[in-house]
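Structure, as structure tokens:
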2 protein chains.
Amino acid sequence: MRLIVLSLLFTSTLAWFYGRDEPDRWSVGGVWPLPQKIIYGSKNRTLTYDKIGIDLGDKKDCDVLLAMADNYMNKWLFPYPVEMKTGGTEDFIITVTVKEECPGGPPVHGASEEYLLRVSVSEAVINAQTVWGALRAMETLSHLVFYDQKSQEYQIRTAEIFDKPRFPVRGIMIDSSRHFLSLNVIKRQLEIMSMNKLNVLHWHLVDSESFPYTSQKFPELHGVGAYSPRHVYSREDISEVIAFARLRGIRVIPEFDLPGHTSSWKGRKGFLTECFDEKGEETFLPNLVDPMNDANFDFLAEFLEEVTETFPDQFLHLGGDEVSDYIVECWVRNKKIRKFMDEKGFGNNTVLLENYFFEKLFSIVEKLKLKRKPIFWQEVFDNNIPDPNSIIHIWKGNTHEEIYEQVKNITSKNFPVIVSACWYLNYIKYGADWRDEIRGTAPSNSRYYYCDPTSFNGTDTQKNLVLGGIAAIWGELVDNTNIEARLWPRASAAAERLWSPAEKTQKAEDAWPRMHELRCRLVSRGYRIQPNNNPDYCPFEFDEPPATKSEL
Amino acid sequence: MRLIVLSLLFTSTLAWFYGRDEPDRWSVGGVWPLPQKIIYGSKNRTLTYDKIGIDLGDKKDCDVLLAMADNYMNKWLFPYPVEMKTGGTEDFIITVTVKEECPGGPPVHGASEEYLLRVSVSEAVINAQTVWGALRAMETLSHLVFYDQKSQEYQIRTAEIFDKPRFPVRGIMIDSSRHFLSLNVIKRQLEIMSMNKLNVLHWHLVDSESFPYTSQKFPELHGVGAYSPRHVYSREDISEVIAFARLRGIRVIPEFDLPGHTSSWKGRKGFLTECFDEKGEETFLPNLVDPMNDANFDFLAEFLEEVTETFPDQFLHLGGDEVSDYIVECWVRNKKIRKFMDEKGFGNNTVLLENYFFEKLFSIVEKLKLKRKPIFWQEVFDNNIPDPNSIIHIWKGNTHEEIYEQVKNITSKNFPVIVSACWYLNYIKYGADWRDEIRGTAPSNSRYYYCDPTSFNGTDTQKNLVLGGIAAIWGELVDNTNIEARLWPRASAAAERLWSPAEKTQKAEDAWPRMHELRCRLVSRGYRIQPNNNPDYCPFEFDEPPATKSEL
């Protein structure tokens with residue numbers, strides 16, 4: 001018996017497996033992060049790559065805009081490896097008008113990133129207050145470009161866009177102490193950050209494990225503390241990173257974590273206290289600054305002075321986390337410390353000794369020649385008394401609600417806050433963790449797209465104290481080999497929630513097609529943006545060349 | 001008051017944090033996987049790279065050995081980017097003696113990989129039965145080479161080694177259906193596999209999501225089922241992979257999963273049954289072969305005949321998993337199927353219909369012109385009646401004990417088994433999951449190093465039926481961007497347990513320094529081997545060049 005079997009058409013009316021998104025569900029000319037206001041036109045326009053021009057107006061000598069023009073016109077507007085339409089009589093000019101002067105330095109805190117972008121079938125017009133706004137506009141413009149598989153040509157969607165960020169601080173924290181990160185890899189992350197309109201690189205430079213920062217005045221620090229003479233950042237390296245970041249509208253905030261997490265400062269004699277195990281033997285690795293020794297504060301003043309000369313940003317992160325993790329071994333069991341506490345009248349209260357340390361540190365920061373606003377991890381608020389000038393950096397909390405509660409509490413005491421707890425991206429889980437509830441190591445179990453740090457009952461004043469967020473990728477299990485794919489597109493979820501209007505970014509399922517298009521666009525630009533939803537593909541996949549050993 | 005503070009020496013007598021391994025804890029000239037027998041000599045010998053020769057004896061025309069000589073002499077013996085010692089009067093000859101003739105094809109199942117390797121201060125001598133054994137010996141030789149930071153020169157440890165694998169099947173399973181994998185990326189994995197002495201690439205070519213395999217007789221399959229015309233493997237592509245694998249002593253076993261996981265075969269009219277949701281509407285994606293249609297078996301016979309012409313391996317994986325996941329929608333709710341079951345006297349028992357399908361499939365396999373031994377996922381054993389000639393592939397089990405129990409059960413029925421359940425590497429967890437107990441998605445929660453598939457109470461006959469293991473990296477969230485770092489060095493844990501003597505590989509903490517050295521060696525060779533223990537470093541880190549968009 002031969003049955004007649006109907007032909008099966010594979011159409012979108014059929015449910016995809018388990019409610020998954022179909023592998024080709026992506027937007028066309030979608031913008032990530034979503035702009036404040038975007039109205040698409042009804043027409044698209046074919047782009048002919050050798051007939052597009054850019055006009056920088058009276059800012060044609062501004063290095064930021066020149067680099068921008070070079071990057072987008074020569075690389076990022078047309079990422080796909082396809083034959084490009086050329087010639088013809090068409091022309092399409094991108095006119096960029098920037099009000100403020102070309103800045104000599106990196107973006108300052110709160111600098112405008114606002115822009116207007118109008119794309120018609122005949123031209124594109126960008127208006128911005130600052131070059132940073134122009135950079136954001138240009139990235140948006142590039143998102144309107146798409147490759148049309150049918151006509152096999154590049155097209156651009158027409159649109160009118162008004163845009164500006166929701167929060168002034170939108171960043172990524174990298175950790176170059178647990179594992180060393182090369183300049184190439186840091187620069188790649190800066191590029192991907194700019195493509196997500198992120199504007200802060202928080203560089204956790206040193207930690208217990210290694211000290212890759214090179215001080216000119218105190219070369220013994222990296223001399224002893226770096227993993228090897230190859231695992232260091234010279235002052236030139238750092239300047240290169242800062243300059244590279246600036247051209248992409250990104251500030252670099254350095255962190256020197258004090259007084260804990262300091263084992264790797266061991267090159268500085270007398271900087272750390274001796275630490276003891278339960279039997280009183282000196283076998284525990286020193287990891288706390290010695291606050292008895294006034295010379296340590298003189299050293300820190302001089303060291304931080306040099307740091308401010310190296311890093312131009314107005315913010316300076318001074319850590320302050322997890323001091324209590326080492327208190328017993330390094331202070332309570334240390335007889336000299338106990339004697340010092342007695343002399344100072346602190347009794348058994350080590351918090352008073354912590355306060356003593358931090359007060360000394362605050363006064364160093366106050367006296368810096370180049371003024372700096374200090375950032376501290378939340379313990380300095382939770383356990384100590386922060387300088388009123390401080391910004392508090394939140395990293396604890398198992399759920400979004402716990403995190404919001406802390407934001408509420410800290411802002412109620414009038415401190416500005418930066419939130420990282422929602423986005424601890426080093427903690428990996430299996431699945432679409434940017435979107436789905438997946439249990440894992442806390443803080444920030446998953447659902448990175450759903451964290452909104454102002455989701456608490458509080459006054460407008462409190463909400464205005466929320467400066468933004470920084471997605472953290474701690475380095476215990478992360479190095480050059482895997483940082484890029486681990487960060488992206490998971491950090492893109494944070495990037496959208498920190499830039500876009502809250503009311504338009506409530507549902508990950510609505511965001512996915514744009515994130516998918518973003519992933520494919522950045523993959524085509526040559527970045528390692530991993531799948532983070534379910535089976536899918538890109539019109540042009542990432543490829544990896546054959547292995548070659550690194551060169552001398 | 002100024003206290004005198006003792007200088008703190010950073011020595012290995014201080015406990016490292018939280019009992020972690022120190023960042024520089026690595027072996028020097030350690031071999032991964034651990035050989036059956038290795039006796040190190042007391043002396044090392046400096047290697048001068050232009051004074052080393054290789055003598056292939058009477059096999060100097062054998063392509064496998066010539067490729068081996070080229071790879072090791074020109075690339076892998078000296079991976080680090082350092083200035084190399086040259087000249088002088090030294091010479092060091094590697095003499096390779098292979099008994100059997102140079103094989104024209106890839107390794108056959110059970111082919112000898114045994115070797116003897118003697119490295120003295122004056123020479124290295126390799127004796128092997130087959131070229132595959134010589135390949136394994138050469139990799140071992142390269143592990144004895146190290147770069148001495150103090151003398152700044154390459155040295156080789158002297159040693160006498162007898163070695164052979166514990167199991168004949170030691171593999172990696174890749175999934176090119178959920179996400180497409182490029183030839184470059186597959187070849188890189190083959191290279192890393194050979195550096196871990198793995199010898200099987202299990203290629204899960206097609207699945208529900210896409211059909212990248214190109215049949216010449218049935219081009220409608222990839223024509224409709226591939227993600228795009230760019231997401232396919234031509235016959236030449238596949239031959240290239242097989243030839244590349246052969247030169248590294250690796251077999252390629254293809255899988256065509258039947259009768260479930262077949263949505264992407266939709267280009268073949270009438271191959272799949274219609275599927276229905278609860279309301280009886282035809283909205284569920286077809287994902288089961290239609291067993292009513294005899295033409296489907298004629299087609300399968302012809303299709304698999306072509307597969308055997310494309311893939312020379314004696315094994316052919318035909319899937320058989322998760323049929324029950326689609327039974328309700330695609331068979332039970334399908335009126336034509338119910339009528340067919342009535343006619344065949346199966347009543348309501350869909351297992352009888354499954355059996356009917358598999359019996360037809362077995363007879364197709366039996367009649368293949370090029371004889372093939374079929375492999376099936378364990379459901380064909382668990383739910384159906386496998387052909388007695390079958391190999392059973394175990395993928396279920398939440399704990400090692402559950403997995404061992406299945407091995408015991410299946411081998412007690414006289415079926416050879418391959419175990420993947422211990423090594424589902426697509427399921428990621430935060431931490432050193434190759435070593436530590438970390439809860440996550442099962443099977444194979446973690447502790448990849450601790451799975452030994454013969455750890456059950458059974459006869460020698462049963463234990464001999466354990467062919468080995470295949471670490472699986474399913475493709476739902478894995479593509480070119482992240483497969484390499486996700487696989488390695490986690491799959492290296494499986495590689496050691498499948499090659500090395502059980503009694504010498506009981507403790508991950510003993511293995512770590514060698515795994516660390518392996519990681520650094522392969523990183524220097526240009527592979528993306530991620531950190532997988534805790535903070536650490538390599539003498540020379542992996543680096544990533546600036547992004548470039550892929551070329552036409």
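All residue names refer to the structure tokens as shown: chains lettered A, B, ... in order, residues numbered from 1 in each chain, ligands numbered from 1 in order.
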Report task. Determine which residues of stretch 312-405 of chain B receive a DSSP assignment of alpha helix (DSSP H), computed from the backbone, and state them as a PyMOL selection string. Result -> chain B and resi 324-327+335-344+350-367+379-382+400-405
Query - Expected answer as a ChimeraX atom specification: strand (DSSP E) residues in stretch 246-473 of chain B - result: /B:251-258,315-319,373-377,391-394,417-419,466-473
Dump N, CA and C atoms for the selected residues as a tab-separated table (two decimals), in the first residue's frame?
```tsv
chain	number	residue	atom	x	y	z
B	251	ARG	N	39.90	9.09	13.31
B	251	ARG	CA	38.80	8.60	12.47
B	251	ARG	C	37.65	9.59	12.54
B	252	VAL	N	36.85	9.62	11.50
B	252	VAL	CA	35.66	10.47	11.50
B	252	VAL	C	34.43	9.58	11.38
B	253	ILE	N	33.62	9.55	12.43
B	253	ILE	CA	32.39	8.75	12.43
B	253	ILE	C	31.21	9.69	12.24
B	254	PRO	N	30.49	9.56	11.12
B	254	PRO	CA	29.35	10.45	10.92
B	254	PRO	C	28.11	9.94	11.64
B	255	GLU	N	27.25	10.87	12.03
B	255	GLU	CA	25.96	10.48	12.58
B	255	GLU	C	24.83	11.08	11.75
B	256	PHE	N	23.89	10.21	11.40
B	256	PHE	CA	22.60	10.66	10.83
B	256	PHE	C	21.53	10.13	11.76
B	257	ASP	N	20.97	11.04	12.52
B	257	ASP	CA	20.07	10.68	13.62
B	257	ASP	C	18.69	10.36	13.05
B	258	LEU	N	18.20	9.14	13.35
B	258	LEU	CA	16.90	8.66	12.84
B	258	LEU	C	16.17	7.92	13.95
B	315	PHE	N	32.41	2.46	11.25
B	315	PHE	CA	31.27	2.71	12.12
B	315	PHE	C	30.35	3.74	11.47
B	316	LEU	N	29.06	3.59	11.73
B	316	LEU	CA	28.08	4.55	11.21
B	316	LEU	C	27.05	4.78	12.31
B	317	HIS	N	26.96	6.02	12.76
B	317	HIS	CA	26.06	6.34	13.88
B	317	HIS	C	24.71	6.70	13.30
B	318	LEU	N	23.67	6.04	13.77
B	318	LEU	CA	22.34	6.28	13.22
B	318	LEU	C	21.36	6.81	14.26
B	319	GLY	N	21.89	7.34	15.35
B	319	GLY	CA	21.05	8.07	16.30
B	319	GLY	C	20.09	7.19	17.07
B	373	LYS	N	29.34	-0.95	10.86
B	373	LYS	CA	28.84	-1.35	12.17
B	373	LYS	C	28.03	-0.18	12.72
B	374	PRO	N	26.74	-0.39	13.02
B	374	PRO	CA	25.93	0.75	13.45
B	374	PRO	C	26.11	1.07	14.94
B	375	ILE	N	26.08	2.36	15.22
B	375	ILE	CA	26.04	2.83	16.61
B	375	ILE	C	24.67	3.46	16.82
B	376	PHE	N	24.08	3.18	17.97
B	376	PHE	CA	22.81	3.81	18.32
B	376	PHE	C	22.89	4.42	19.71
B	377	TRP	N	22.21	5.53	19.90
B	377	TRP	CA	22.06	6.07	21.25
B	377	TRP	C	21.28	5.07	22.09
B	391	ILE	N	26.53	-1.11	18.35
B	391	ILE	CA	27.23	-0.51	19.50
B	391	ILE	C	26.24	0.45	20.16
B	392	ILE	N	26.20	0.43	21.48
B	392	ILE	CA	25.26	1.29	22.20
B	392	ILE	C	26.01	2.48	22.81
B	393	HIS	N	25.46	3.64	22.59
B	393	HIS	CA	26.11	4.90	22.98
B	393	HIS	C	25.34	5.50	24.15
B	394	ILE	N	25.97	5.58	25.30
B	394	ILE	CA	25.30	6.00	26.54
B	394	ILE	C	25.42	7.51	26.75
B	417	VAL	N	29.81	-0.82	24.26
B	417	VAL	CA	29.29	0.51	24.57
B	417	VAL	C	30.37	1.58	24.39
B	418	ILE	N	29.86	2.77	24.08
B	418	ILE	CA	30.67	3.99	24.10
B	418	ILE	C	29.96	4.92	25.08
B	419	VAL	N	30.72	5.59	25.93
B	419	VAL	CA	30.13	6.43	26.98
B	419	VAL	C	30.36	7.91	26.67
B	466	VAL	N	33.57	-2.26	26.86
B	466	VAL	CA	33.61	-0.80	26.96
B	466	VAL	C	34.65	-0.29	25.96
B	467	LEU	N	34.18	0.25	24.85
B	467	LEU	CA	35.11	0.67	23.79
B	467	LEU	C	35.81	1.97	24.14
B	468	GLY	N	35.15	2.78	24.97
B	468	GLY	CA	35.77	4.05	25.32
B	468	GLY	C	34.74	5.13	25.53
B	469	GLY	N	35.13	6.35	25.28
B	469	GLY	CA	34.23	7.47	25.55
B	469	GLY	C	34.38	8.57	24.51
B	470	ILE	N	33.34	9.36	24.43
B	470	ILE	CA	33.33	10.49	23.50
B	470	ILE	C	32.77	11.70	24.25
B	471	ALA	N	33.59	12.72	24.41
B	471	ALA	CA	33.13	13.96	25.05
B	471	ALA	C	32.27	14.72	24.05
B	472	ALA	N	31.08	15.12	24.50
B	472	ALA	CA	30.12	15.74	23.58
B	472	ALA	C	30.02	17.23	23.83
B	473	ILE	N	29.98	17.99	22.75
B	473	ILE	CA	29.72	19.43	22.89
B	473	ILE	C	28.57	19.77	21.94
```
Report task. Determine the nearest neighbour of A:Asp294 from the options A:Tyr356, A:Cys422, A:Asp342, A:Lys51, counting only C-alpha atoms. Result ->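 Going through A:Tyr356, A:Cys422, A:Asp342, A:Lys51 one by one, the smallest distance to A:Asp294 is for A:Tyr356.
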**Report entry** Computed interatomic separation between atom CA of B:Asp63 and atom CA of B:Ser492 (Å)
**Finding:** 27.1 Å
Report task. Excluding B:Leu518 and residues on its chain fewer than 4 positions from it, collect all residues at most 10 Å away from it, counting only C-alpha atoms, and give them as a list in words. Result -> Trp26, Ser27, Gly29, Gly30, Val31, Trp32, Pro33, His143, Met195, Asn196, Pro489, Ser492, Trp512, Pro513, Arg514, Leu522, Val523, Ser524 and Ile529 of chain B
Requested in this report: Please provide the set of residues having any atom within 9 Å of stretch 172-175 of chain B, restricted to only C-alpha atoms, with same-chain residues fewer than 5 positions apart removed, written as a list in words.
Outcome: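 My list of contacting residues is Phe180, Leu181, Ile186, Gln189, Met193, Leu198, Asn199, Val200, Leu201, His202, Trp203, His204, Leu205, Val206, Asp207, Ser420, Gly469, Ile470, Ala471, Ala472, Ile473, Trp474, Gly475, Glu476, Val478, Leu487 and Ala491 of chain B.
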Query raised in the report: Given the choices A:Asn445, A:Trp434, A:Cys330, A:Ala69, which gets closest to A:Glu281 if the distance is worked out from only C-alpha atoms?
Result: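 Looking only at the distances to A:Glu281, the closest residue turns out to be A:Cys330.
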**Report entry** Test item: residues at most 9 Å from stretch 152-163 of chain A, only C-alpha atoms, excluding those fewer than 5 positions along its chain, as number ranges by chain
**Finding:** A: 28-29, 34-49, 78, 82-85, 113-121, 124, 133, 136-137, 141-147, 500
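Counting only C-alpha atoms and comparing B:Thr548, B:Arg166, B:Asn534, B:Asp290, the residue that lies closest to B:Tyr430 is B:Asn534.
With distances taken over only C-alpha atoms, A:Asp24 is the one residue among A:Asp61, A:Asp70, A:Glu309, A:Asp24 lying closest to chain B.
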Report task. Rank A:Thr140, A:Thr283, A:Gln462, A:Gln149 by their smallest atom-to-atom distance to A:Pro539, using only C-alpha atoms, and report the top residue only. Result -> A:Gln149
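Of the listed residues (B:Glu209, B:Asp277, B:Asp298, B:Glu139), B:Asp298 comes nearest to B:Leu361; the distances count only C-alpha atoms.
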Query - Selection near B:Lys336, 10 Å with only C-alpha atoms, sequence-local residues under 2 positions removed, as a PyMOL selection string - result: (chain A and resi 3+5) or (chain B and resi 273-274+292+331-334+338-342)
Output of the above residues as a PDB file, in the first residue's frame, restricted to N, CA, C and O atoms:
```
ATOM      1  N   LEU A   3       0.840   5.203   0.442  1.00  0.00           N
ATOM      2  CA  LEU A   3       0.022   6.329   0.887  1.00  0.00           C
ATOM      3  C   LEU A   3       0.447   7.611   0.189  1.00  0.00           C
ATOM      4  O   LEU A   3       1.601   7.799  -0.146  1.00  0.00           O
ATOM      5  N   VAL A   5       1.339  11.237   0.626  1.00  0.00           N
ATOM      6  CA  VAL A   5       1.748  12.085   1.748  1.00  0.00           C
ATOM      7  C   VAL A   5       1.845  13.531   1.261  1.00  0.00           C
ATOM      8  O   VAL A   5       2.452  13.805   0.236  1.00  0.00           O
TER       9      VAL A   5
ATOM     10  N   THR B 273       6.255  12.526   9.125  1.00  0.00           N
ATOM     11  CA  THR B 273       4.809  12.500   9.374  1.00  0.00           C
ATOM     12  C   THR B 273       4.343  13.891   9.796  1.00  0.00           C
ATOM     13  O   THR B 273       5.124  14.695  10.314  1.00  0.00           O
ATOM     14  N   GLU B 274       3.054  14.129   9.579  1.00  0.00           N
ATOM     15  CA  GLU B 274       2.474  15.374  10.083  1.00  0.00           C
ATOM     16  C   GLU B 274       2.293  15.258  11.593  1.00  0.00           C
ATOM     17  O   GLU B 274       2.022  14.187  12.118  1.00  0.00           O
ATOM     18  N   MET B 292       5.321   4.583   7.529  1.00  0.00           N
ATOM     19  CA  MET B 292       4.296   3.934   6.705  1.00  0.00           C
ATOM     20  C   MET B 292       4.732   3.837   5.253  1.00  0.00           C
ATOM     21  O   MET B 292       4.305   2.953   4.522  1.00  0.00           O
ATOM     22  N   TRP B 331       3.009  10.802  15.970  1.00  0.00           N
ATOM     23  CA  TRP B 331       2.496   9.467  15.648  1.00  0.00           C
ATOM     24  C   TRP B 331       1.147   9.218  16.330  1.00  0.00           C
ATOM     25  O   TRP B 331       0.178   8.874  15.668  1.00  0.00           O
ATOM     26  N   VAL B 332       1.088   9.417  17.650  1.00  0.00           N
ATOM     27  CA  VAL B 332      -0.160   9.091  18.355  1.00  0.00           C
ATOM     28  C   VAL B 332      -1.322   9.957  17.854  1.00  0.00           C
ATOM     29  O   VAL B 332      -2.435   9.471  17.660  1.00  0.00           O
ATOM     30  N   ARG B 333      -1.062  11.238  17.622  1.00  0.00           N
ATOM     31  CA  ARG B 333      -2.146  12.133  17.196  1.00  0.00           C
ATOM     32  C   ARG B 333      -2.381  12.123  15.677  1.00  0.00           C
ATOM     33  O   ARG B 333      -3.182  12.874  15.165  1.00  0.00           O
ATOM     34  N   ASN B 334      -1.624  11.294  14.987  1.00  0.00           N
ATOM     35  CA  ASN B 334      -1.712  11.257  13.527  1.00  0.00           C
ATOM     36  C   ASN B 334      -2.629  10.095  13.117  1.00  0.00           C
ATOM     37  O   ASN B 334      -2.296   8.927  13.323  1.00  0.00           O
ATOM     38  N   ARG B 338      -2.192   5.960  13.132  1.00  0.00           N
ATOM     39  CA  ARG B 338      -3.009   5.071  13.974  1.00  0.00           C
ATOM     40  C   ARG B 338      -3.648   3.973  13.121  1.00  0.00           C
ATOM     41  O   ARG B 338      -3.705   2.803  13.531  1.00  0.00           O
ATOM     42  N   LYS B 339      -4.073   4.364  11.949  1.00  0.00           N
ATOM     43  CA  LYS B 339      -4.686   3.377  11.042  1.00  0.00           C
ATOM     44  C   LYS B 339      -3.648   2.326  10.627  1.00  0.00           C
ATOM     45  O   LYS B 339      -3.903   1.120  10.650  1.00  0.00           O
ATOM     46  N   PHE B 340      -2.451   2.799  10.321  1.00  0.00           N
ATOM     47  CA  PHE B 340      -1.348   1.906   9.923  1.00  0.00           C
ATOM     48  C   PHE B 340      -1.014   0.937  11.059  1.00  0.00           C
ATOM     49  O   PHE B 340      -0.795  -0.258  10.842  1.00  0.00           O
ATOM     50  N   MET B 341      -0.974   1.477  12.285  1.00  0.00           N
ATOM     51  CA  MET B 341      -0.678   0.630  13.445  1.00  0.00           C
ATOM     52  C   MET B 341      -1.753  -0.436  13.618  1.00  0.00           C
ATOM     53  O   MET B 341      -1.450  -1.597  13.929  1.00  0.00           O
ATOM     54  N   ASP B 342      -2.995  -0.044  13.417  1.00  0.00           N
ATOM     55  CA  ASP B 342      -4.090  -1.016  13.458  1.00  0.00           C
ATOM     56  C   ASP B 342      -3.869  -2.120  12.431  1.00  0.00           C
ATOM     57  O   ASP B 342      -3.942  -3.307  12.744  1.00  0.00           O
TER      58      ASP B 342
END
```
Report task. Excluding stretch 287-289 of chain A and any residue of its chain fewer than 5 positions from it, enumerate the residues within 7 Å of it, using only C-alpha atoms, and give them as a list in words. Result ->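 In the requested form, the answer reads Ser208, Pro259, Gly260, His261, Thr262, Ser263, Phe271, Leu272, Thr273, Tyr326 and Cys330 of chain A.
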**Report entry** Distance in Å - atom CA of A:Ser455 versus atom CA of A:Lys429
**Finding:**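 For atom CA of A:Ser455 relative to atom CA of A:Lys429, the distance reads 24.8 Å.
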